[in-house]
>>> print(open('my_file.cif').read())   # mmCIF, C-alpha atoms
data_run
loop_
_atom_site.label_atom_id
_atom_site.label_comp_id
_atom_site.auth_asym_id
_atom_site.auth_seq_id
_atom_site.Cartn_x
_atom_site.Cartn_y
_atom_site.Cartn_z
CA MET A 1 -30.92 2.50 30.88
CA ASP A 2 -31.79 4.34 34.08
CA LEU A 3 -35.46 4.05 35.05
CA LYS A 4 -35.17 7.51 36.59
CA ASN A 5 -35.25 8.84 33.02
CA ILE A 6 -38.88 7.77 32.67
CA PRO A 7 -41.12 10.71 33.66
CA ASN A 8 -43.37 10.28 36.72
CA ILE A 9 -42.22 6.75 37.55
CA GLN A 10 -42.63 6.14 41.27
CA HIS A 11 -41.38 3.80 44.01
CA LEU A 12 -37.90 3.33 42.53
CA ASP A 13 -36.49 3.35 46.07
CA ALA A 14 -38.38 0.11 46.85
CA ASN A 15 -35.83 -2.04 44.98
CA ASN A 16 -38.70 -3.88 43.36
CA PHE A 17 -39.29 -5.10 39.83
CA PHE A 18 -41.20 -2.60 37.69
CA LEU A 19 -44.47 -3.28 35.91
CA LEU A 20 -45.82 -2.48 32.46
CA ALA A 21 -49.52 -3.32 32.59
CA GLY A 22 -52.86 -2.45 31.08
CA PRO A 23 -55.21 -3.61 28.35
CA CYS A 24 -54.01 -4.87 25.00
CA ALA A 25 -55.82 -2.09 23.15
CA ILE A 26 -57.49 1.16 24.15
CA GLU A 27 -61.20 0.45 23.74
CA SER A 28 -62.66 3.53 25.48
CA GLU A 29 -61.73 6.24 27.97
CA GLU A 30 -63.87 4.71 30.72
CA MET A 31 -62.21 1.32 30.25
CA ALA A 32 -58.67 2.70 30.29
CA LEU A 33 -59.24 4.86 33.37
CA ARG A 34 -60.95 2.02 35.23
CA ILE A 35 -58.07 -0.38 34.64
CA ALA A 36 -55.41 2.24 35.39
CA GLU A 37 -57.08 3.27 38.64
CA LYS A 38 -57.11 -0.31 39.92
CA VAL A 39 -53.51 -1.05 38.92
CA VAL A 40 -52.31 2.23 40.45
CA GLU A 41 -54.09 1.32 43.70
CA ILE A 42 -52.38 -2.09 43.78
CA THR A 43 -48.90 -0.92 42.77
CA THR A 44 -49.01 1.96 45.25
CA LYS A 45 -49.86 -0.47 48.04
CA LEU A 46 -47.06 -2.84 47.01
CA ARG A 47 -44.59 -0.07 46.03
CA ILE A 48 -44.08 -1.34 42.49
CA PRO A 49 -42.92 1.19 39.87
CA TYR A 50 -45.73 1.24 37.30
CA VAL A 51 -46.16 2.18 33.64
CA PHE A 52 -49.64 2.05 32.06
CA LYS A 53 -49.69 0.11 28.78
CA GLY A 54 -52.25 0.39 26.00
CA SER A 55 -52.04 0.09 22.21
CA PHE A 56 -53.49 3.08 20.38
CA LYS A 57 -53.95 0.87 17.33
CA LYS A 58 -53.48 -2.78 16.47
CA ALA A 59 -51.77 -3.40 13.15
CA ASN A 60 -50.66 -7.02 13.47
CA ARG A 61 -54.02 -8.78 13.33
CA SER A 62 -54.67 -12.30 12.08
CA ARG A 63 -57.83 -11.39 10.15
CA ILE A 64 -58.88 -8.30 8.24
CA ASP A 65 -62.10 -8.05 10.26
CA SER A 66 -60.27 -7.99 13.64
CA PHE A 67 -60.48 -4.90 15.86
CA THR A 68 -57.74 -2.38 15.08
CA GLY A 69 -58.67 0.61 17.25
CA ILE A 70 -61.02 3.48 18.00
CA GLY A 71 -59.00 6.05 16.02
CA ASN A 72 -55.39 7.06 16.49
CA GLU A 73 -55.80 10.54 17.95
CA LYS A 74 -58.74 9.53 20.13
CA ALA A 75 -56.82 6.62 21.66
CA LEU A 76 -53.63 8.66 22.12
CA LYS A 77 -55.57 11.39 23.93
CA ILE A 78 -56.93 8.74 26.28
CA LEU A 79 -53.39 7.53 26.98
CA ARG A 80 -52.35 11.10 27.78
CA LYS A 81 -55.36 11.52 30.07
CA VAL A 82 -54.46 8.32 31.94
CA GLY A 83 -50.93 9.62 32.47
CA GLU A 84 -52.07 13.04 33.64
CA THR A 85 -54.90 11.74 35.83
CA PHE A 86 -52.76 9.30 37.81
CA GLU A 87 -49.37 10.97 37.32
CA ILE A 88 -47.85 7.81 35.88
CA PRO A 89 -45.84 7.11 32.72
CA THR A 90 -47.50 5.50 29.71
CA ILE A 91 -46.36 3.24 26.89
CA THR A 92 -47.80 2.36 23.48
CA ASP A 93 -46.55 0.42 20.48
CA ILE A 94 -45.88 1.85 17.05
CA HIS A 95 -45.90 0.16 13.66
CA GLU A 96 -44.87 2.74 11.07
CA ASN A 97 -42.13 5.38 11.01
CA ALA A 98 -44.68 8.21 11.13
CA ASP A 99 -46.20 6.71 14.30
CA ALA A 100 -43.05 7.55 16.26
CA SER A 101 -43.39 11.34 16.32
CA LEU A 102 -47.19 11.06 16.53
CA ALA A 103 -47.22 8.83 19.61
CA ALA A 104 -44.25 10.56 21.24
CA ALA A 105 -46.40 13.65 21.70
CA TYR A 106 -48.73 11.69 24.01
CA VAL A 107 -46.78 8.92 25.79
CA ASP A 108 -43.48 8.43 27.64
CA ILE A 109 -42.25 5.14 26.14
CA LEU A 110 -42.46 3.88 22.57
CA GLN A 111 -42.65 0.14 22.06
CA ILE A 112 -41.41 -1.70 18.99
CA PRO A 113 -43.49 -4.85 18.36
CA ALA A 114 -41.67 -8.16 18.19
CA PHE A 115 -42.47 -8.74 14.52
CA LEU A 116 -40.97 -5.33 13.66
CA VAL A 117 -37.90 -5.15 15.89
CA ARG A 118 -35.51 -5.72 12.98
CA GLN A 119 -37.01 -2.81 11.01
CA THR A 120 -34.11 -0.39 11.26
CA ASP A 121 -35.97 2.71 10.07
CA LEU A 122 -38.74 2.15 12.62
CA VAL A 123 -36.32 1.61 15.52
CA VAL A 124 -34.29 4.69 14.55
CA ALA A 125 -37.43 6.82 14.18
CA ALA A 126 -38.48 5.84 17.71
CA ALA A 127 -35.00 6.49 19.09
CA LYS A 128 -34.79 9.95 17.54
CA THR A 129 -37.88 11.12 19.43
CA GLY A 130 -35.77 10.98 22.60
CA LYS A 131 -38.35 8.79 24.32
CA THR A 132 -37.43 5.55 26.05
CA VAL A 133 -37.70 2.71 23.52
CA ASN A 134 -38.94 -0.74 24.52
CA LEU A 135 -37.69 -3.36 22.05
CA LYS A 136 -39.70 -6.57 22.07
CA LYS A 137 -37.60 -9.59 21.18
CA GLY A 138 -38.75 -11.19 17.95
CA GLN A 139 -40.30 -14.61 18.39
CA PHE A 140 -37.78 -15.72 15.76
CA MET A 141 -34.70 -14.11 17.37
CA SER A 142 -32.08 -15.26 19.83
CA PRO A 143 -31.45 -13.29 23.03
CA GLU A 144 -27.94 -12.52 21.76
CA ALA A 145 -29.33 -10.90 18.59
CA MET A 146 -31.12 -8.23 20.63
CA GLN A 147 -27.82 -6.43 21.25
CA HIS A 148 -28.01 -5.17 17.66
CA ALA A 149 -31.49 -3.72 18.15
CA VAL A 150 -30.29 -1.92 21.27
CA LYS A 151 -27.27 -0.59 19.38
CA LYS A 152 -29.57 0.93 16.75
CA VAL A 153 -31.18 2.98 19.51
CA THR A 154 -27.97 4.03 21.23
CA ASP A 155 -26.19 4.79 17.95
CA SER A 156 -29.08 7.15 17.20
CA GLY A 157 -28.10 9.18 20.25
CA ASN A 158 -30.66 7.72 22.66
CA PRO A 159 -29.31 5.84 25.71
CA ASN A 160 -32.76 4.80 26.92
CA ALA A 161 -33.47 1.37 25.47
CA MET A 162 -34.90 -1.68 27.16
CA ILE A 163 -35.61 -5.21 25.94
CA THR A 164 -38.75 -7.28 26.46
CA ASP A 165 -38.83 -11.04 25.96
CA ARG A 166 -42.26 -12.24 24.78
CA GLY A 167 -41.42 -15.87 24.15
CA THR A 168 -40.06 -17.79 21.19
CA MET A 169 -42.02 -19.79 18.62
CA PHE A 170 -42.28 -23.46 19.54
CA GLY A 171 -43.73 -25.25 16.54
CA TYR A 172 -46.56 -23.53 14.72
CA GLN A 173 -49.03 -22.86 17.53
CA ASP A 174 -47.18 -22.38 20.77
CA MET A 175 -44.61 -20.19 22.53
CA ILE A 176 -41.83 -21.04 24.96
CA VAL A 177 -39.77 -18.87 27.31
CA ASP A 178 -36.08 -19.69 27.58
CA PHE A 179 -35.14 -18.16 30.92
CA ARG A 180 -31.45 -18.38 30.05
CA GLY A 181 -32.13 -15.42 27.79
CA ILE A 182 -32.89 -13.04 30.65
CA PRO A 183 -29.33 -12.71 32.01
CA THR A 184 -28.05 -12.72 28.43
CA MET A 185 -30.21 -9.75 27.45
CA GLN A 186 -29.46 -7.96 30.71
CA GLN A 187 -25.91 -7.59 29.41
CA PHE A 188 -27.35 -5.28 26.75
CA GLY A 189 -29.89 -3.36 28.81
CA THR A 190 -32.81 -3.35 31.23
CA THR A 191 -34.83 -6.51 30.55
CA VAL A 192 -38.55 -7.17 30.90
CA LEU A 193 -40.51 -10.42 30.66
CA ASP A 194 -43.83 -10.20 28.82
CA VAL A 195 -45.74 -12.80 30.75
CA THR A 196 -49.06 -12.77 28.92
CA HIS A 197 -47.84 -12.67 25.30
CA SER A 198 -45.43 -15.50 26.12
CA LEU A 199 -48.52 -17.62 26.70
CA GLN A 200 -50.13 -16.94 23.34
CA GLN A 201 -51.07 -19.82 21.06
CA PRO A 202 -50.88 -18.21 17.61
CA ASN A 203 -51.82 -19.39 14.12
CA GLN A 204 -55.14 -20.93 15.09
CA SER A 205 -57.33 -22.01 12.17
CA SER A 206 -60.07 -19.66 13.40
CA GLY A 207 -57.80 -16.66 12.84
CA VAL A 208 -58.07 -15.74 16.55
CA THR A 209 -55.00 -16.24 18.72
CA GLY A 210 -55.43 -18.57 21.67
CA GLY A 211 -53.63 -18.54 25.01
CA ARG A 212 -52.85 -20.17 28.35
CA PRO A 213 -53.72 -17.63 31.06
CA ASP A 214 -53.71 -20.42 33.63
CA SER A 215 -49.89 -20.37 33.39
CA ILE A 216 -49.45 -16.64 34.01
CA GLU A 217 -48.30 -17.06 37.60
CA THR A 218 -45.93 -19.90 36.66
CA ILE A 219 -44.12 -17.80 34.05
CA ALA A 220 -44.13 -14.65 36.21
CA ARG A 221 -42.71 -16.47 39.24
CA ALA A 222 -39.94 -17.97 37.15
CA GLY A 223 -39.09 -14.57 35.68
CA ILE A 224 -38.79 -12.91 39.07
CA ALA A 225 -36.74 -15.84 40.42
CA THR A 226 -34.41 -15.44 37.43
CA GLY A 227 -33.90 -11.79 38.35
CA VAL A 228 -35.72 -10.03 35.51
CA ASP A 229 -35.89 -6.24 35.90
CA GLY A 230 -39.54 -5.81 35.00
CA LEU A 231 -42.74 -7.60 34.03
CA PHE A 232 -45.23 -6.90 31.26
CA ILE A 233 -48.78 -8.08 31.94
CA GLU A 234 -51.89 -7.36 29.92
CA THR A 235 -54.96 -7.21 32.12
CA HIS A 236 -58.66 -6.47 31.71
CA PHE A 237 -61.69 -6.52 34.02
CA ASP A 238 -63.48 -8.77 31.51
CA PRO A 239 -60.96 -10.62 29.30
CA ALA A 240 -63.71 -12.55 27.52
CA SER A 241 -65.07 -9.31 26.09
CA ALA A 242 -61.70 -7.71 25.33
CA LYS A 243 -61.36 -6.68 21.70
CA SER A 244 -57.78 -7.97 21.43
CA ASP A 245 -55.76 -10.74 23.09
CA GLY A 246 -58.46 -11.66 25.58
CA ALA A 247 -57.42 -15.32 25.41
CA ASN A 248 -54.12 -14.73 27.20
CA MET A 249 -54.90 -11.70 29.40
CA LEU A 250 -55.03 -11.74 33.19
CA ASP A 251 -58.37 -11.01 34.78
CA LEU A 252 -57.87 -7.79 36.76
CA GLN A 253 -59.43 -9.30 39.88
CA TYR A 254 -56.42 -11.62 40.23
CA LEU A 255 -53.69 -9.01 39.76
CA GLU A 256 -53.19 -8.00 43.40
CA LYS A 257 -52.71 -11.55 44.65
CA LEU A 258 -50.30 -12.30 41.82
CA LEU A 259 -48.21 -9.18 42.41
CA SER A 260 -48.17 -9.76 46.17
CA ASN A 261 -46.72 -13.23 45.61
CA LEU A 262 -44.17 -11.86 43.14
CA VAL A 263 -43.04 -9.12 45.51
CA ALA A 264 -42.41 -11.78 48.17
CA ILE A 265 -40.29 -13.78 45.70
CA ARG A 266 -38.41 -10.63 44.68
CA GLN A 267 -37.59 -9.82 48.31
CA THR A 268 -36.22 -13.32 48.76
CA VAL A 269 -34.14 -13.14 45.58
CA VAL A 270 -32.53 -9.78 46.39
CA SER A 271 -31.66 -10.94 49.91
CA LEU A 272 -29.68 -13.96 48.68
#
>>> encode(input="my_file.cif", output="structure tokens")
Amino acid sequence: MDLKNIPNIQHLDANNFFLLAGPCAIESEEMALRIAEKVVEITTKLRIPYVFKGSFKKANRSRIDSFTGIGNEKALKILRKVGETFEIPTITDIHENADASLAAAYVDILQIPAFLVRQTDLVVAAAKTGKTVNLKKGQFMSPEAMQHAVKKVTDSGNPNAMITDRGTMFGYQDMIVDFRGIPTMQQFGTTVLDVTHSLQQPNQSSGVTGGRPDSIETIARAGIATGVDGLFIETHFDPASAKSDGANMLDLQYLEKLLSNLVAIRQTVVSL
């Protein structure tokens, strides 16, 4: 896909990786705007094309009492406000066929969660909105298998599909990133590495997913060195209080230093 097809995306002339970043879930308008403002400031300084990420609802929760959202329309309106306020594109994930047309009215990119990427009707519903579709690789899928998910989008008349690797299950309670998969998936489309979800530690007995945020820079550096097109990073100004995925999120205060280091690696890689 051509990133120029994403509305309001900036800094494409910088020959940098692009960034999908934001909180796991939309918790409030103040929270979303605060995070977006800081990430826009950083990505403008470093000339990184940026898309704000936030889930308008969380459907794949471990426990029935886990946070699922503040209300669909309320959260989607916040996503639209973020996009309009900072003139940046936005992305959210969908879980049911009806979510596709609903979310498409508010955001620029629809994301298919990893657990649902083989759900043909859902992928086709997203594709038929005409929005860019971000297909997250199933934790149970090979990189080669993602070509079929991409084909579902393109066969639906939508050329704008990208793939995001979010790690592969390693035993019951850990994830691993096979960096050989990045060039493999790039044969099928623009490829992103989801750094923070790749560091999840799922299936904990508490019913709350754990994580290894201390390894965020390690995974991100390796992804950029491998030549990945974009990075996906969930970030929050107070991960400990985040209502979803706080255990593997990056503290917002560390984002600028991380991205600065990654831009330096990217410049080295493209000059080789």
>>> residues_around(input="my_file.cif", residues="Gln10 of chain A", least_positions_apart="2", cutoff="10 Å", atoms="all atoms listed in the file", output="VMD selection string")
chain A and resid 3 to 4 6 to 8 12 to 14 18 43 to 44 47 to 51 87 to 89
>>> closest_atom_pairs(input="my_file.cif", of="segment 152-175 of chain A", to="segment 217-225 of chain A", cutoff="12 Å", atoms="all atoms listed in the file", output="JSON lines")
{"residue": "A:Thr164", "atom": "CA", "partner": "A:Gly223", "partner_atom": "CA", "distance": 11.8}
{"residue": "A:Asp165", "atom": "CA", "partner": "A:Gly223", "partner_atom": "CA", "distance": 10.3}
{"residue": "A:Arg166", "atom": "CA", "partner": "A:Ile219", "partner_atom": "CA", "distance": 11.0}
{"residue": "A:Gly167", "atom": "CA", "partner": "A:Ile219", "partner_atom": "CA", "distance": 10.4}
{"residue": "A:Met175", "atom": "CA", "partner": "A:Ile219", "partner_atom": "CA", "distance": 11.8}
>>> resolve_selection(input="my_file.cif", expression="the PyMOL selection byres ((chain A and resi 132) around 6)", output="PDB file with C-alpha atoms, in the frame of the given file")
ATOM      1  CA  ILE A 109     -42.250   5.140  26.140  1.00  0.00           C
ATOM      2  CA  LYS A 131     -38.350   8.790  24.320  1.00  0.00           C
ATOM      3  CA  VAL A 133     -37.700   2.710  23.520  1.00  0.00           C
ATOM      4  CA  ASN A 160     -32.760   4.800  26.920  1.00  0.00           C
ATOM      5  CA  ALA A 161     -33.470   1.370  25.470  1.00  0.00           C
TER       6      ALA A 161
END
>>> resolve_selection(input="my_file.cif", expression="the PyMOL selection byres ((chain A and resi 34) around 12)", output="PDB file with C-alpha atoms, in the coordinates of the input")
ATOM      1  CA  GLY A  22     -52.860  -2.450  31.080  1.00  0.00           C
ATOM      2  CA  PRO A  23     -55.210  -3.610  28.350  1.00  0.00           C
ATOM      3  CA  ILE A  26     -57.490   1.160  24.150  1.00  0.00           C
ATOM      4  CA  GLU A  27     -61.200   0.450  23.740  1.00  0.00           C
ATOM      5  CA  SER A  28     -62.660   3.530  25.480  1.00  0.00           C
ATOM      6  CA  GLU A  29     -61.730   6.240  27.970  1.00  0.00           C
ATOM      7  CA  GLU A  30     -63.870   4.710  30.720  1.00  0.00           C
ATOM      8  CA  MET A  31     -62.210   1.320  30.250  1.00  0.00           C
ATOM      9  CA  ALA A  32     -58.670   2.700  30.290  1.00  0.00           C
ATOM     10  CA  LEU A  33     -59.240   4.860  33.370  1.00  0.00           C
ATOM     11  CA  ILE A  35     -58.070  -0.380  34.640  1.00  0.00           C
ATOM     12  CA  ALA A  36     -55.410   2.240  35.390  1.00  0.00           C
ATOM     13  CA  GLU A  37     -57.080   3.270  38.640  1.00  0.00           C
ATOM     14  CA  LYS A  38     -57.110  -0.310  39.920  1.00  0.00           C
ATOM     15  CA  VAL A  39     -53.510  -1.050  38.920  1.00  0.00           C
ATOM     16  CA  VAL A  40     -52.310   2.230  40.450  1.00  0.00           C
ATOM     17  CA  GLU A  41     -54.090   1.320  43.700  1.00  0.00           C
ATOM     18  CA  PHE A  52     -49.640   2.050  32.060  1.00  0.00           C
ATOM     19  CA  ILE A  78     -56.930   8.740  26.280  1.00  0.00           C
ATOM     20  CA  VAL A  82     -54.460   8.320  31.940  1.00  0.00           C
ATOM     21  CA  THR A  85     -54.900  11.740  35.830  1.00  0.00           C
ATOM     22  CA  PHE A  86     -52.760   9.300  37.810  1.00  0.00           C
ATOM     23  CA  THR A 235     -54.960  -7.210  32.120  1.00  0.00           C
ATOM     24  CA  HIS A 236     -58.660  -6.470  31.710  1.00  0.00           C
ATOM     25  CA  PHE A 237     -61.690  -6.520  34.020  1.00  0.00           C
ATOM     26  CA  ASP A 238     -63.480  -8.770  31.510  1.00  0.00           C
ATOM     27  CA  LEU A 252     -57.870  -7.790  36.760  1.00  0.00           C
TER      28      LEU A 252
END
>>> resolve_selection(input="my_file.cif", expression="the PyMOL selection byres ((chain A and resi 149) around 12)", output="PyMOL selection string")
chain A and resi 112+114+116-124+126-127+133-138+141-148+150-156+161-164+185+188-189
>>> residues_around(input="my_file.cif", residues="Pro239 of chain A", least_positions_apart="5", cutoff="12 Å", atoms="all atoms listed in the file", output="PyMOL selection string")
chain A and resi 22-25+35+211+213+234+244-254
>>> atom_distance(input="my_file.cif", atom1="atom CA of Glu84 of chain A", atom2="atom CA of Val195 of chain A")
26.8 Å
>>> closest_residue(input="my_file.cif", among="A:Lys257, A:His197, A:His11, A:Lys81", to="Pro113 of chain A", atoms="all atoms listed in the file")
A:His197
>>> decode(input="my_file.cif", residues="segment 53-88 of chain A", atoms="N, CA and C atoms", output="PDB file, in the first residue's frame")
ATOM      1  N   LYS A  53      -3.232   5.961  17.808  1.00  0.00           N
ATOM      2  CA  LYS A  53      -3.937   4.695  18.030  1.00  0.00           C
ATOM      3  C   LYS A  53      -4.697   4.728  19.351  1.00  0.00           C
ATOM      4  N   GLY A  54      -5.931   4.231  19.315  1.00  0.00           N
ATOM      5  CA  GLY A  54      -6.700   4.061  20.535  1.00  0.00           C
ATOM      6  C   GLY A  54      -7.880   3.137  20.269  1.00  0.00           C
ATOM      7  N   SER A  55      -8.126   2.181  21.134  1.00  0.00           N
ATOM      8  CA  SER A  55      -9.263   1.273  20.970  1.00  0.00           C
ATOM      9  C   SER A  55     -10.530   1.936  21.505  1.00  0.00           C
ATOM     10  N   PHE A  56     -11.589   1.941  20.698  1.00  0.00           N
ATOM     11  CA  PHE A  56     -12.835   2.531  21.186  1.00  0.00           C
ATOM     12  C   PHE A  56     -13.581   1.568  22.096  1.00  0.00           C
ATOM     13  N   LYS A  57     -13.269   0.286  21.989  1.00  0.00           N
ATOM     14  CA  LYS A  57     -13.766  -0.690  22.952  1.00  0.00           C
ATOM     15  C   LYS A  57     -12.792  -1.859  22.985  1.00  0.00           C
ATOM     16  N   LYS A  58     -12.804  -2.589  24.082  1.00  0.00           N
ATOM     17  CA  LYS A  58     -11.957  -3.757  24.242  1.00  0.00           C
ATOM     18  C   LYS A  58     -12.859  -4.978  24.378  1.00  0.00           C
ATOM     19  N   ALA A  59     -12.780  -5.864  23.411  1.00  0.00           N
ATOM     20  CA  ALA A  59     -13.650  -7.038  23.407  1.00  0.00           C
ATOM     21  C   ALA A  59     -12.930  -8.308  23.842  1.00  0.00           C
ATOM     22  N   ASN A  60     -11.616  -8.334  23.659  1.00  0.00           N
ATOM     23  CA  ASN A  60     -10.858  -9.564  23.961  1.00  0.00           C
ATOM     24  C   ASN A  60     -10.202  -9.456  25.341  1.00  0.00           C
ATOM     25  N   ARG A  61     -11.026  -9.537  26.370  1.00  0.00           N
ATOM     26  CA  ARG A  61     -10.537  -9.398  27.742  1.00  0.00           C
ATOM     27  C   ARG A  61     -10.460 -10.766  28.422  1.00  0.00           C
ATOM     28  N   SER A  62      -9.523 -10.903  29.335  1.00  0.00           N
ATOM     29  CA  SER A  62      -9.335 -12.181  30.022  1.00  0.00           C
ATOM     30  C   SER A  62     -10.477 -12.466  30.995  1.00  0.00           C
ATOM     31  N   ARG A  63     -10.963 -11.421  31.668  1.00  0.00           N
ATOM     32  CA  ARG A  63     -12.001 -11.615  32.685  1.00  0.00           C
ATOM     33  C   ARG A  63     -13.220 -10.769  32.355  1.00  0.00           C
ATOM     34  N   ILE A  64     -14.365 -11.202  32.822  1.00  0.00           N
ATOM     35  CA  ILE A  64     -15.608 -10.505  32.512  1.00  0.00           C
ATOM     36  C   ILE A  64     -15.685  -9.145  33.211  1.00  0.00           C
ATOM     37  N   ASP A  65     -14.921  -8.973  34.295  1.00  0.00           N
ATOM     38  CA  ASP A  65     -14.955  -7.703  35.009  1.00  0.00           C
ATOM     39  C   ASP A  65     -13.874  -6.730  34.531  1.00  0.00           C
ATOM     40  N   SER A  66     -13.149  -7.069  33.449  1.00  0.00           N
ATOM     41  CA  SER A  66     -12.115  -6.170  32.918  1.00  0.00           C
ATOM     42  C   SER A  66     -12.756  -4.988  32.187  1.00  0.00           C
ATOM     43  N   PHE A  67     -12.047  -3.881  32.149  1.00  0.00           N
ATOM     44  CA  PHE A  67     -12.517  -2.665  31.472  1.00  0.00           C
ATOM     45  C   PHE A  67     -12.712  -2.922  29.983  1.00  0.00           C
ATOM     46  N   THR A  68     -13.858  -2.523  29.462  1.00  0.00           N
ATOM     47  CA  THR A  68     -14.135  -2.702  28.034  1.00  0.00           C
ATOM     48  C   THR A  68     -14.312  -1.395  27.282  1.00  0.00           C
ATOM     49  N   GLY A  69     -14.530  -0.276  27.980  1.00  0.00           N
ATOM     50  CA  GLY A  69     -14.645   0.989  27.276  1.00  0.00           C
ATOM     51  C   GLY A  69     -15.567   1.967  27.971  1.00  0.00           C
ATOM     52  N   ILE A  70     -15.611   3.181  27.425  1.00  0.00           N
ATOM     53  CA  ILE A  70     -16.423   4.252  28.014  1.00  0.00           C
ATOM     54  C   ILE A  70     -17.718   4.461  27.226  1.00  0.00           C
ATOM     55  N   GLY A  71     -17.955   3.598  26.242  1.00  0.00           N
ATOM     56  CA  GLY A  71     -19.112   3.748  25.353  1.00  0.00           C
ATOM     57  C   GLY A  71     -18.625   3.967  23.939  1.00  0.00           C
ATOM     58  N   ASN A  72     -19.178   3.225  23.006  1.00  0.00           N
ATOM     59  CA  ASN A  72     -18.661   3.231  21.633  1.00  0.00           C
ATOM     60  C   ASN A  72     -18.660   4.612  21.004  1.00  0.00           C
ATOM     61  N   GLU A  73     -19.813   5.260  20.968  1.00  0.00           N
ATOM     62  CA  GLU A  73     -19.898   6.553  20.292  1.00  0.00           C
ATOM     63  C   GLU A  73     -19.063   7.612  20.999  1.00  0.00           C
ATOM     64  N   LYS A  74     -19.048   7.588  22.317  1.00  0.00           N
ATOM     65  CA  LYS A  74     -18.255   8.552  23.071  1.00  0.00           C
ATOM     66  C   LYS A  74     -16.770   8.417  22.743  1.00  0.00           C
ATOM     67  N   ALA A  75     -16.281   7.184  22.723  1.00  0.00           N
ATOM     68  CA  ALA A  75     -14.864   6.954  22.435  1.00  0.00           C
ATOM     69  C   ALA A  75     -14.525   7.292  20.991  1.00  0.00           C
ATOM     70  N   LEU A  76     -15.413   6.954  20.063  1.00  0.00           N
ATOM     71  CA  LEU A  76     -15.161   7.258  18.650  1.00  0.00           C
ATOM     72  C   LEU A  76     -15.152   8.766  18.404  1.00  0.00           C
ATOM     73  N   LYS A  77     -15.995   9.495  19.088  1.00  0.00           N
ATOM     74  CA  LYS A  77     -15.991  10.958  18.950  1.00  0.00           C
ATOM     75  C   LYS A  77     -14.685  11.548  19.471  1.00  0.00           C
ATOM     76  N   ILE A  78     -14.137  10.942  20.510  1.00  0.00           N
ATOM     77  CA  ILE A  78     -12.839  11.397  21.021  1.00  0.00           C
ATOM     78  C   ILE A  78     -11.750  11.139  19.988  1.00  0.00           C
ATOM     79  N   LEU A  79     -11.782   9.971  19.354  1.00  0.00           N
ATOM     80  CA  LEU A  79     -10.804   9.675  18.309  1.00  0.00           C
ATOM     81  C   LEU A  79     -10.902  10.696  17.172  1.00  0.00           C
ATOM     82  N   ARG A  80     -12.120  11.026  16.774  1.00  0.00           N
ATOM     83  CA  ARG A  80     -12.290  12.029  15.719  1.00  0.00           C
ATOM     84  C   ARG A  80     -11.764  13.390  16.172  1.00  0.00           C
ATOM     85  N   LYS A  81     -11.993  13.747  17.424  1.00  0.00           N
ATOM     86  CA  LYS A  81     -11.498  15.028  17.928  1.00  0.00           C
ATOM     87  C   LYS A  81      -9.977  15.071  17.933  1.00  0.00           C
ATOM     88  N   VAL A  82      -9.342  13.958  18.316  1.00  0.00           N
ATOM     89  CA  VAL A  82      -7.879  13.894  18.278  1.00  0.00           C
ATOM     90  C   VAL A  82      -7.391  14.148  16.855  1.00  0.00           C
ATOM     91  N   GLY A  83      -7.991  13.467  15.891  1.00  0.00           N
ATOM     92  CA  GLY A  83      -7.585  13.633  14.499  1.00  0.00           C
ATOM     93  C   GLY A  83      -7.754  15.056  14.005  1.00  0.00           C
ATOM     94  N   GLU A  84      -8.888  15.666  14.337  1.00  0.00           N
ATOM     95  CA  GLU A  84      -9.160  17.022  13.873  1.00  0.00           C
ATOM     96  C   GLU A  84      -8.302  18.052  14.600  1.00  0.00           C
ATOM     97  N   THR A  85      -8.072  17.844  15.885  1.00  0.00           N
ATOM     98  CA  THR A  85      -7.297  18.802  16.674  1.00  0.00           C
ATOM     99  C   THR A  85      -5.852  18.892  16.202  1.00  0.00           C
ATOM    100  N   PHE A  86      -5.249  17.733  15.932  1.00  0.00           N
ATOM    101  CA  PHE A  86      -3.825  17.710  15.590  1.00  0.00           C
ATOM    102  C   PHE A  86      -3.569  17.454  14.111  1.00  0.00           C
ATOM    103  N   GLU A  87      -4.643  17.319  13.338  1.00  0.00           N
ATOM    104  CA  GLU A  87      -4.550  17.068  11.895  1.00  0.00           C
ATOM    105  C   GLU A  87      -3.658  15.865  11.606  1.00  0.00           C
ATOM    106  N   ILE A  88      -3.991  14.765  12.274  1.00  0.00           N
ATOM    107  CA  ILE A  88      -3.265  13.509  12.110  1.00  0.00           C
ATOM    108  C   ILE A  88      -4.272  12.392  11.848  1.00  0.00           C
TER     109      ILE A  88
END
